[in-house]
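A.B. asks: I have a structure here, written as structure tokens, and I will follow up with some questions on it.
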Amino acid sequence: MDAATAAVIALLAERRSGESICPSEAARRIAAEASGADWRAAMPIIHAAVDQLVDQNCISLSWKGQSLPARSGPYRIVQANDK
């Protein structure tokens, strides 16, 4: 499992059931593990990991309470079984 996928999965595991995370939280975690690298530079790999996890039905995406079928614009991440 790559660092981006691991960060998304770990953050979701730390949340209560049904609570979402922001993709930037995963990017910040990766940056912190990389000795304070710029978290914004990690966003493309977070987006790629999110796309893969959505394709595998591991996570779901939403924005302002509305389910999103795919990543587009701003979004929140929740475990697929917590919708």
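How things are named: the first chain in the structure tokens is A, the next is B, and so on; residues count from 1 in each chain; ligands count from 1 in the order shown.
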Within segment 2-63 of chain A, find each residue whose DSSP state, derived from the backbone, is strand (DSSP E), and express the selection as an MDAnalysis selection string.
C.D. replies: chainID A and resid 59:63
A.B. asks: Residues of segment 50-79 of chain A within 12 Å of segment 5-18 of chain A: nearest atom pair and distance (Å, one decimal) for each, counting only C-alpha atoms, sorted by chain and number, as a Markdown table?
C.D. replies:
| residue | atom | partner | partner_atom | distance |
| --- | --- | --- | --- | --- |
| A:Val50 | CA | A:Thr5 | CA | 7.4 |
| A:Asp51 | CA | A:Thr5 | CA | 10.1 |
| A:Gln52 | CA | A:Thr5 | CA | 8.7 |
| A:Leu53 | CA | A:Thr5 | CA | 7.8 |
| A:Val54 | CA | A:Thr5 | CA | 11.2 |
| A:Gln56 | CA | A:Thr5 | CA | 11.9 |
| A:Cys58 | CA | A:Ile9 | CA | 9.1 |
| A:Ile59 | CA | A:Ile9 | CA | 9.0 |
| A:Ser60 | CA | A:Gly18 | CA | 10.7 |
| A:Leu61 | CA | A:Gly18 | CA | 11.8 |
| A:Ser62 | CA | A:Gly18 | CA | 11.7 |
| A:Gly65 | CA | A:Gly18 | CA | 11.6 |
| A:Arg76 | CA | A:Leu12 | CA | 11.1 |
| A:Ile77 | CA | A:Leu12 | CA | 8.2 |
| A:Val78 | CA | A:Gly18 | CA | 6.6 |
| A:Gln79 | CA | A:Leu12 | CA | 6.7 |
A.B. asks: May I ask for the distance between atom CA of Gly36 of chain A and atom CA of Gly73 of chain A, given in Å to one decimal place?
C.D. replies: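 Rounded to one decimal, the two atoms are 25.9 Å apart.
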A.B. asks: Please identify which residues in chain A DSSP calls helix (DSSP H, G or I) from the backbone, and express them as a ChimeraX atom specification.
C.D. replies: /A:3-14,23-33,39-55,80-82
A.B. asks: Considering only C-alpha atoms, return as an MDAnalysis selection string whatever protein or nucleic-acid residues lie within 12 Å of Ile30 of chain A, sequence-local ones (same chain, fewer than 2 positions apart) excluded.
C.D. replies: chainID A and resid 2:8 10:11 23:28 32:46
A.B. asks: Could you check the closest approach to Glu19 of chain A for each of A:Ala48, A:Asn57, A:Ala80, A:Ser72 and tell me which residue wins, using only C-alpha atoms?
C.D. replies: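 With only C-alpha atoms as the atom set, the closest residue is A:Ala80.
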